[in-house]
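The next block holds one structure in the form of structure tokens; read it before the comments.
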Amino acid sequence: MTEGNFVDYVKMHVASGNGGKGSTHLHREKYIAKGGPDGGDGGRGGHVIIRGNENLWTLIHLKFKRHIRAGHGEHGSSGRSTGADGEDAIIEVPLGTVVRDTETNTILFEITKEGEEKIIAEGGKGGRGNWHFKSSTNQTPRYAQPGIPMEEKDITLELKVLADVGLVGFPNAGKSTLLSVLTSAKPKIADYEFTTLKPNLGIVEYRDFQSFVMADIPGIIEGAAEGKGLGYYFLRHIERNSILLFLIPADAKDIVEQYEILVDELRRYNPEMLDKERFVCISKSDMLDDELKSEMSEILDKNLEADYMFISSVAQQGLTELKDKLWKMLND
């Protein structure tokens, strides 16, 4: 999926349908004198409904749909005929979509299951026809209820990527390269920082036709929680990952310090992220010989609070062991 096609944030205005008016019709038929009231009820206005669709991965289909309107209910008619209900407006979204009230920024609900439906704007009820109001003292009521007006609001749709493993690291740590090697995804790879500007998803094929989903999140820098670099805009995609896979290059000045900075940025954004399982990969380790790896391992064993592994995406080193480790963590 190209960066231009990954849309994860959409604002729109939604409006349900008006309820139809009740009818004030009086029955008129040959040989029937004073047939009395027989006005039918108005139809219900259409709802605006958010529905989960597991076949969607982004919100790109809603990128240019700024206004969504449901149909109005039809008015009641003679013979106690109820007006037709207004047509519902269905907004299909990928799983993991959070719906907010734009004005108050409060979360209304989130869609996490296939086919799950939530009404975001309820259609107005139809008014009752005049036959409901007849009585012994009011045998020919010439009034009926109007329909209830529509409901409208501004909403924001935010997609939080649903992936099993999320890649976390500084810019140019090798996250996109690892994703391209383990999956069929083709993220942009270049020798400069912030190459990745949108999250990339890939499916890692495992033994016996099994698989899991991996997400490449744009690089985090110190101060991201305050908006530096690409800011905290993409940190929300990490919230839904089961495992956080930290990638730190072997040529980093201080691997332990870089790991602690990344963990601190996640903590400042959302402390609950620290409850997730974490694993560290020392990437670009093909530049290390066995002696250097042994020396680094002594330091990491004493100071790094997470399990780690040496890998090289380019040289295809340690990737099978990494998949085995991730699969075991996902299924324990």
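Here, A, B, ... name the chains of the structure tokens in the order displayed, residue numbers run from 1 inside each chain, and ligands are numbered from 1 in the same displayed order.
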Report task. Please report, as number ranges by chain, each residue of stretch 84-305 of chain A to which DSSP assigns strand (DSSP E or B) when run on this structure's backbone. Result -> A: 89-93, 97-101, 107-111, 117-121, 152-159, 165-169, 200-205, 211-216, 243-249, 277-283
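Residue neighbourhood of stretch 310-326 of chain A, excluding near-sequence residues (fewer than 2 positions): A:Gly174, A:Thr177, A:Leu178, A:Val181, A:Leu182, A:Tyr206, A:Cys281, A:Ile282, A:Ser283, A:Lys284, A:Ser285, A:Asp286, A:Tyr308, A:Lys328, A:Met329, A:Leu330, at 8 Å, using only C-alpha atoms.
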Report task. Quick one: everything within 12 Å of A:Ile238, counting only C-alpha atoms, minus sequence neighbours fewer than 3 positions away in the same chain. Send it as an MDAnalysis selection string. Result -> chainID A and resid 96 159:169 199 214:220 232:235 241:246 265:267 269:270 272:274 276 278
Query - Counting only C-alpha atoms, the residue of A:Ile299, A:Leu157, A:Met150, A:Val204 that sits nearest A:Phe109 - result: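 So, comparing all the options, the nearest one is A:Leu157.
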How close does each residue of stretch 150-179 of chain A get to stretch 16-22 of chain A, giving the shortest atom pair and distance in Å to one decimal for every residue with an atom at most 10 Å away, counting only C-alpha atoms, sorted by chain and residue number, as a tab-separated table?
```
residue	atom	partner	partner_atom	distance
A:Met150	CA	A:Asn18	CA	4.4
A:Glu151	CA	A:Ser16	CA	5.4
A:Glu152	CA	A:Ser16	CA	6.3
A:Lys153	CA	A:Ser16	CA	9.3
```
Requested in this report: Counting only C-alpha atoms, figure out which residue out of A:Ile248, A:Leu26, A:Ile60, A:Leu201 gets nearest to A:Ala144.
Outcome: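 For A:Ala144, the nearest of the given residues is A:Leu26.
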Query raised in the report: Restricting the calculation to only C-alpha atoms, which member of A:Ile91, A:Val256, A:Leu300, A:Ile49 is positioned closest to A:Arg66?
Result: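 Of A:Ile91, A:Val256, A:Leu300, A:Ile49, the one nearest A:Arg66 is A:Ile91, counting only C-alpha atoms.
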